[in-house]
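A.B. asks: Okay, handing you the structure first.
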Amino acid sequence: MLNDIIDLMKKVDDQIGYDLNEADVDAVLRYMELNDPEHASPERAVRFLATWKKNLRERDINSPLESELDKFYKQFIEDDLKKHE
């Protein structure tokens with residue numbers, strides 16, 4: 001499982017130029033475990049970070065409001081469930 005996550009992290013680096021790291025994944029995973037444990041997984045945390053960073057780059061925003069993150073997260077889970085389950 002860890003190797004799959006590392007491979008996914010490398011793809012994120014290549015696709016959007018985001019240096020995804022374990023600290024970021026751990027932070028998002030903690031957020032998910034506290035706020036949405038049903039959908040918490042390391043793989044989904046990586047996909048969320050990649051999606052979030054890509055969205056920020058498209059909008060050219062570096063410091064989103066926390067309320068935007070919550071809204072984005074809810075939409076991400078909805079979309080991710082359709083794609084991966």
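By order of appearance in the structure tokens: chains A, B, ..., then residues from 1 within every chain, and ligands from 1 in the order shown.
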Within 10 Å of stretch 27-34 of chain A, counting only C-alpha atoms, which residues show up once you throw out same-chain ones fewer than 5 positions away? Write them as JSON, numbers by chain, please.
C.D. replies: {"A": [22, 39, 40, 41, 42, 43, 44, 45, 46, 48, 49, 73]}
A.B. asks: Save the residues we just selected, C-alpha atoms, as a compact mmCIF listing (two decimals), in the first residue's frame?
C.D. replies:
```txt
# COMPACT_ATOMS: atom_id res chain seq x y z
CA GLU A 22 4.27 12.61 3.86
CA HIS A 39 -13.95 8.23 3.77
CA ALA A 40 -10.50 8.54 5.36
CA SER A 41 -7.68 6.69 3.61
CA PRO A 42 -4.10 7.57 2.65
CA GLU A 43 -4.88 7.09 -1.04
CA ARG A 44 -7.85 9.42 -0.87
CA ALA A 45 -5.78 11.96 1.09
CA VAL A 46 -3.23 11.97 -1.75
CA PHE A 48 -7.49 15.19 -2.35
CA LEU A 49 -4.17 17.04 -2.09
CA TYR A 73 -13.57 18.81 0.47
```
